[in-house]
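This is run32.cif. It holds mmCIF, C-alpha atoms.
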data_query
#
loop_
_atom_site.label_atom_id
_atom_site.label_comp_id
_atom_site.auth_asym_id
_atom_site.auth_seq_id
_atom_site.Cartn_x
_atom_site.Cartn_y
_atom_site.Cartn_z
CA VAL A 89 134.13 82.42 109.46
CA ASP A 90 130.47 81.31 109.68
CA ILE A 91 130.16 81.20 105.89
CA PHE A 92 133.46 79.37 105.40
CA VAL A 93 132.65 76.79 108.11
CA SER A 94 129.15 76.28 106.69
CA PHE A 95 130.36 75.84 103.13
CA PHE A 96 133.12 73.46 104.26
CA SER A 97 130.64 71.51 106.41
CA LEU A 98 128.19 71.13 103.52
CA VAL A 99 130.97 69.84 101.26
CA LEU A 100 132.31 67.50 103.96
CA LEU A 101 128.83 66.25 104.83
CA SER A 102 127.65 65.90 101.21
CA PRO A 103 127.71 62.06 101.30
CA LEU A 104 125.50 62.16 104.42
CA ILE A 105 123.23 64.75 102.79
CA ILE A 106 122.73 62.46 99.80
CA TYR A 107 122.14 59.48 102.09
CA PHE A 108 119.53 61.35 104.15
CA TYR A 109 117.83 62.66 101.02
CA ILE A 110 117.32 59.09 99.79
CA ALA A 111 116.48 57.68 103.25
CA ILE A 112 113.83 60.32 103.96
CA LYS A 113 112.24 59.72 100.55
CA PHE A 114 111.98 55.97 101.27
CA ASP A 115 110.93 56.40 104.91
CA SER A 116 107.83 58.54 104.37
CA LYS A 117 105.93 60.57 101.82
CA GLY A 118 106.61 64.28 101.48
CA PRO A 119 109.41 66.72 100.87
CA VAL A 120 112.91 66.04 102.18
CA ILE A 121 113.49 69.60 103.38
CA PHE A 122 111.14 71.10 105.93
CA LYS A 123 110.83 74.89 106.02
CA GLN A 124 109.53 76.68 109.07
CA GLU A 125 109.22 80.39 109.76
CA ARG A 126 111.42 81.52 112.62
CA ILE A 127 112.24 84.92 114.08
CA GLY A 128 115.85 86.08 113.91
CA LEU A 129 118.05 89.16 113.95
CA HIS A 130 116.14 92.42 114.59
CA GLY A 131 112.91 90.42 114.98
CA LYS A 132 112.73 89.65 111.27
CA SER A 133 111.29 86.35 110.09
CA PHE A 134 113.09 83.85 107.88
CA GLU A 135 112.53 80.29 106.71
CA MET A 136 114.69 77.87 108.68
CA LEU A 137 115.61 74.71 106.81
CA LYS A 138 115.73 71.23 108.31
CA PHE A 139 115.57 67.68 107.10
CA ARG A 140 111.96 66.60 107.61
CA THR A 141 111.66 64.36 110.67
CA MET A 142 107.88 64.27 111.01
CA GLN A 143 104.97 63.09 108.94
CA VAL A 144 103.67 65.61 106.39
CA ASN A 145 101.11 68.02 107.88
CA ALA A 146 102.11 66.94 111.40
CA GLU A 147 101.24 70.39 112.65
CA LYS A 148 97.88 71.42 111.25
CA GLY A 149 96.34 74.37 113.07
CA THR A 150 97.96 75.31 116.37
CA PRO A 151 101.72 74.64 116.59
CA LYS A 152 102.70 71.79 118.91
CA LEU A 153 105.99 71.24 120.69
CA SER A 154 107.68 67.94 120.04
CA SER A 155 109.10 65.46 122.52
CA SER A 156 111.29 62.37 122.18
CA ASN A 157 108.28 60.03 122.11
CA ASP A 158 106.22 62.16 119.69
CA GLU A 159 104.18 59.85 117.44
CA ARG A 160 104.45 62.33 114.55
CA ILE A 161 108.20 61.63 114.20
CA THR A 162 109.17 59.23 111.40
CA ASN A 163 111.53 56.30 111.94
CA MET A 164 114.29 58.10 110.05
CA GLY A 165 113.42 61.26 111.95
CA ARG A 166 114.13 59.59 115.30
CA PHE A 167 117.59 58.61 114.12
CA MET A 168 118.34 62.04 112.67
CA ARG A 169 117.18 63.84 115.82
CA LYS A 170 119.28 61.60 118.05
CA TYR A 171 122.42 62.78 116.25
CA ARG A 172 121.04 66.21 115.27
CA PHE A 173 121.48 65.39 111.58
CA ASP A 174 118.16 67.10 110.87
CA GLU A 175 119.95 70.42 111.46
CA ILE A 176 122.46 70.03 108.59
CA PRO A 177 120.43 72.12 106.08
CA GLN A 178 120.71 75.09 108.46
CA PHE A 179 124.27 75.58 107.19
CA ILE A 180 122.47 77.02 104.14
CA ASN A 181 120.68 79.47 106.47
CA VAL A 182 124.11 80.51 107.74
CA ILE A 183 125.41 81.06 104.21
CA TRP A 184 122.29 83.14 103.41
CA GLY A 185 122.99 85.30 106.50
CA ASP A 186 119.88 84.29 108.47
CA MET A 187 121.85 82.43 111.13
CA SER A 188 125.32 82.00 112.64
CA ILE A 189 127.01 78.81 113.74
CA VAL A 190 126.70 79.85 117.42
CA GLY A 191 123.85 81.97 118.73
CA PRO A 192 120.47 81.59 120.39
CA ARG A 193 118.17 79.09 118.71
CA PRO A 194 115.54 80.91 116.65
CA GLU A 195 111.97 80.33 117.69
CA ARG A 196 108.53 80.53 116.12
CA LYS A 197 106.48 83.69 116.71
CA PHE A 198 103.64 81.62 118.18
CA TYR A 199 105.90 80.56 121.07
CA ILE A 200 107.75 83.86 121.36
CA ASP A 201 104.42 85.57 122.04
CA GLN A 202 103.82 83.15 124.92
CA ILE A 203 107.38 83.33 126.28
CA ILE A 204 107.30 87.14 126.35
CA GLN A 205 104.36 87.05 128.77
CA ASP A 206 106.59 85.39 131.40
CA ALA A 207 109.98 86.62 130.16
CA PRO A 208 109.61 89.99 128.41
CA TYR A 209 113.40 90.18 128.01
CA TYR A 210 113.18 87.61 125.19
CA CYS A 211 113.35 90.49 122.70
CA LEU A 212 116.97 91.10 123.78
CA LEU A 213 117.88 88.08 121.64
CA TYR A 214 116.90 90.07 118.55
CA ARG A 215 120.20 91.97 118.94
CA ILE A 216 122.25 89.04 117.63
CA ARG A 217 121.94 86.55 114.80
CA PRO A 218 120.39 83.23 115.89
CA GLY A 219 122.54 80.13 115.64
CA LEU A 220 122.69 76.44 114.89
CA THR A 221 123.80 75.78 118.44
CA SER A 222 124.04 77.55 121.78
CA TRP A 223 124.19 76.84 125.50
CA GLY A 224 120.38 76.57 125.65
CA PRO A 225 119.96 73.43 123.52
CA ILE A 226 123.15 71.93 124.98
CA LYS A 227 121.97 72.32 128.57
CA ILE A 228 118.21 71.85 128.05
CA GLY A 229 117.94 69.72 124.90
CA TYR A 230 114.74 69.82 122.88
CA SER A 231 112.32 72.19 124.58
CA ASP A 232 109.00 70.40 124.92
CA THR A 233 107.46 72.89 127.38
CA LEU A 234 107.30 76.68 127.70
CA GLU A 235 109.17 76.38 131.00
CA LYS A 236 112.10 74.71 129.23
CA MET A 237 111.97 77.37 126.53
CA ILE A 238 112.32 80.08 129.18
CA GLU A 239 115.14 78.16 130.86
CA ARG A 240 116.86 77.89 127.45
CA LEU A 241 116.30 81.63 126.98
CA ASN A 242 118.19 82.35 130.19
CA TYR A 243 121.23 80.42 128.90
CA ASP A 244 120.99 82.37 125.64
CA ILE A 245 120.93 85.71 127.51
CA VAL A 246 124.03 84.69 129.47
CA TYR A 247 125.72 83.72 126.19
CA MET A 248 124.77 87.03 124.58
CA GLU A 249 126.20 89.01 127.50
CA ASN A 250 129.48 87.03 127.39
CA MET A 251 130.01 86.35 123.69
CA ASN A 252 133.59 85.61 122.71
CA LEU A 253 135.52 83.20 120.51
CA LEU A 254 136.53 80.94 123.41
CA THR A 255 132.90 80.51 124.50
CA ASP A 256 131.89 79.79 120.90
CA MET A 257 134.56 77.09 120.71
CA LYS A 258 133.32 75.54 123.98
CA ILE A 259 129.76 75.51 122.62
CA ILE A 260 130.88 73.92 119.33
CA LEU A 261 132.88 71.23 121.16
CA SER A 262 129.94 70.50 123.48
CA THR A 263 127.67 70.25 120.44
CA LEU A 264 130.05 67.79 118.76
CA GLU A 265 130.02 65.71 121.96
CA ILE A 266 126.20 65.57 121.79
CA ILE A 267 126.27 64.66 118.08
CA PHE A 268 128.90 61.93 118.37
CA GLY A 269 127.37 60.63 121.60
CA GLY A 270 123.89 60.40 120.10
CA LYS A 271 122.48 62.54 122.90
CA GLY A 272 120.37 64.77 120.66
CA VAL A 273 117.01 63.67 121.99
#

Have the structure of the file written as structure tokens, please.
Amino acid sequence: VDIFVSFFSLVLLSPLIIYFYIAIKFDSKGPVIFKQERIGLHGKSFEMLKFRTMQVNAEKGTPKLSSSNDERITNMGRFMRKYRFDEIPQFINVIWGDMSIVGPRPERKFYIDQIIQDAPYYCLLYRIRPGLTSWGPIKIGYSDTLEKMIERLNYDIVYMENMNLLTDMKIILSTLEIIFGGKGV
């Protein structure tokens, strides 16, 4: 189902994908697709794809969390984040088997190492494939602090313990409400 939905979504969204490709190219210098190492199923790393929303080399050295007023975000990036359009390329990650449509958001190892100090149960998330959407981002939004990341983790643990098709449908509908309402940031 994940692969079918992802393929169908990419086909359906292809006009938007082309539009964003051109808009990102005109908005700022650099690649259109941003690749970032994330940790997924069984603690294995993979490259998560996103449309680039920040200036090139926005994160030299130590990783930094982003917030809605982050000066590194491009003009086009602000728009894409508001409607979560920057996440569209992750349907490719789903097709490749790195992610699911619904599941805990994958995180960077740098932050996982910090989260585990306060919440050692983070590693429980390695039991399931990470997702494009979950209760965590719906309830918390973008996590700009470690505290919010831990709060998001708690929603993801609850999801993992109660996974079922009905819950997945509720999460997808809530995500669509965020997208169409422009509540992504």

* Out of A:Phe139, A:His130, A:Glu265, A:Asp244, which residue has the shortest atom-to-atom distance to Arg215 of chain A when counting all atoms listed in the file? -> A:His130

* Quick one: distance from atom CA of Pro177 of chain A to atom CA of Gln202 of chain A in Å, one decimal? -> 27.4 Å

* Taking the file as shown, what set of residues would the PyMOL selection byres ((chain A and resi 105-113) around 10) give back, as a PyMOL selection string? -> chain A and resi 98-104+114-121+139-141+162-165+168+173-174+176-177

For the residues selected in the previous step, produce a file with C-alpha atoms as a PDB file, in the frame of the given file.
ATOM      1  CA  LEU A  98     128.190  71.130 103.520  1.00  0.00           C
ATOM      2  CA  VAL A  99     130.970  69.840 101.260  1.00  0.00           C
ATOM      3  CA  LEU A 100     132.310  67.500 103.960  1.00  0.00           C
ATOM      4  CA  LEU A 101     128.830  66.250 104.830  1.00  0.00           C
ATOM      5  CA  SER A 102     127.650  65.900 101.210  1.00  0.00           C
ATOM      6  CA  PRO A 103     127.710  62.060 101.300  1.00  0.00           C
ATOM      7  CA  LEU A 104     125.500  62.160 104.420  1.00  0.00           C
ATOM      8  CA  PHE A 114     111.980  55.970 101.270  1.00  0.00           C
ATOM      9  CA  ASP A 115     110.930  56.400 104.910  1.00  0.00           C
ATOM     10  CA  SER A 116     107.830  58.540 104.370  1.00  0.00           C
ATOM     11  CA  LYS A 117     105.930  60.570 101.820  1.00  0.00           C
ATOM     12  CA  GLY A 118     106.610  64.280 101.480  1.00  0.00           C
ATOM     13  CA  PRO A 119     109.410  66.720 100.870  1.00  0.00           C
ATOM     14  CA  VAL A 120     112.910  66.040 102.180  1.00  0.00           C
ATOM     15  CA  ILE A 121     113.490  69.600 103.380  1.00  0.00           C
ATOM     16  CA  PHE A 139     115.570  67.680 107.100  1.00  0.00           C
ATOM     17  CA  ARG A 140     111.960  66.600 107.610  1.00  0.00           C
ATOM     18  CA  THR A 141     111.660  64.360 110.670  1.00  0.00           C
ATOM     19  CA  THR A 162     109.170  59.230 111.400  1.00  0.00           C
ATOM     20  CA  ASN A 163     111.530  56.300 111.940  1.00  0.00           C
ATOM     21  CA  MET A 164     114.290  58.100 110.050  1.00  0.00           C
ATOM     22  CA  GLY A 165     113.420  61.260 111.950  1.00  0.00           C
ATOM     23  CA  MET A 168     118.340  62.040 112.670  1.00  0.00           C
ATOM     24  CA  PHE A 173     121.480  65.390 111.580  1.00  0.00           C
ATOM     25  CA  ASP A 174     118.160  67.100 110.870  1.00  0.00           C
ATOM     26  CA  ILE A 176     122.460  70.030 108.590  1.00  0.00           C
ATOM     27  CA  PRO A 177     120.430  72.120 106.080  1.00  0.00           C
TER      28      PRO A 177
END

* To do: Measure the distance from atom CA of Asp186 of chain A to atom CA of Lys138 of chain A in Å and round it to one decimal.
  =>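 So the two atoms, atom CA of Asp186 of chain A and atom CA of Lys138 of chain A, lie 13.7 Å apart.
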
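If all atoms listed in the file are the atoms counted, then among A:Leu129, A:Met257, A:Leu220, A:Ile245 the closest residue to Asn181 of chain A is A:Leu220.
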
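The two atoms in question, atom CA of Phe198 of chain A and atom CA of Pro151 of chain A, are spaced 7.4 Å apart.
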
* To do: Would you kindly return, as a PyMOL selection string, each protein, DNA or RNA residue with an atom no farther than 9 Å from any atom of Pro225 of chain A, considering all atoms listed in the file and excluding same-chain residues fewer than 3 positions away?
  => chain A and resi 192-193+221-222+228-231+240+243+263

* Any chance you could work out the residue set of the PyMOL selection byres ((chain A and resi 91) around 9) here, as a PyMOL selection string? -> chain A and resi 89-90+92-96+179-180+182-185+188-189

Would you list the contacts of Tyr209 of chain A as a short mmCIF file (atom, residue, chain, number, x, y, z; two decimals) with C-alpha atoms, keeping the file's coordinate frame, taking every protein, DNA or RNA residue within 12 Å and counting all atoms listed in the file, but skipping same-chain residues closer than 5 positions in sequence?
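Okay, result25.cif is ready:
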data_model
loop_
_atom_site.label_atom_id
_atom_site.label_comp_id
_atom_site.auth_asym_id
_atom_site.auth_seq_id
_atom_site.Cartn_x
_atom_site.Cartn_y
_atom_site.Cartn_z
CA ILE A 200 107.75 83.86 121.36
CA ASP A 201 104.42 85.57 122.04
CA ILE A 203 107.38 83.33 126.28
CA ILE A 204 107.30 87.14 126.35
CA TYR A 214 116.90 90.07 118.55
CA ARG A 215 120.20 91.97 118.94
CA ILE A 238 112.32 80.08 129.18
CA LEU A 241 116.30 81.63 126.98
CA ASN A 242 118.19 82.35 130.19
CA ASP A 244 120.99 82.37 125.64
CA ILE A 245 120.93 85.71 127.51
#

* Asked: For Glu195 of chain A, which of A:Phe268, A:Phe167, A:Tyr247, A:Phe134 is the closest residue, counting only C-alpha atoms?
  ->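 Closest candidate: A:Phe134.
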
Using the chain letters and numbers from this file, what does the PyMOL selection byres ((chain A and resi 150) around 12) select? Give the answer as an mmCIF file with C-alpha atoms, in the coordinates of the input.
data_model
loop_
_atom_site.group_PDB
_atom_site.id
_atom_site.type_symbol
_atom_site.label_atom_id
_atom_site.label_comp_id
_atom_site.auth_asym_id
_atom_site.auth_seq_id
_atom_site.Cartn_x
_atom_site.Cartn_y
_atom_site.Cartn_z
ATOM 1 C CA ASN A 145 101.110 68.020 107.880
ATOM 2 C CA ALA A 146 102.110 66.940 111.400
ATOM 3 C CA GLU A 147 101.240 70.390 112.650
ATOM 4 C CA LYS A 148 97.880 71.420 111.250
ATOM 5 C CA GLY A 149 96.340 74.370 113.070
ATOM 6 C CA PRO A 151 101.720 74.640 116.590
ATOM 7 C CA LYS A 152 102.700 71.790 118.910
ATOM 8 C CA LEU A 153 105.990 71.240 120.690
ATOM 9 C CA ARG A 196 108.530 80.530 116.120
ATOM 10 C CA LYS A 197 106.480 83.690 116.710
ATOM 11 C CA PHE A 198 103.640 81.620 118.180
ATOM 12 C CA TYR A 199 105.900 80.560 121.070
#
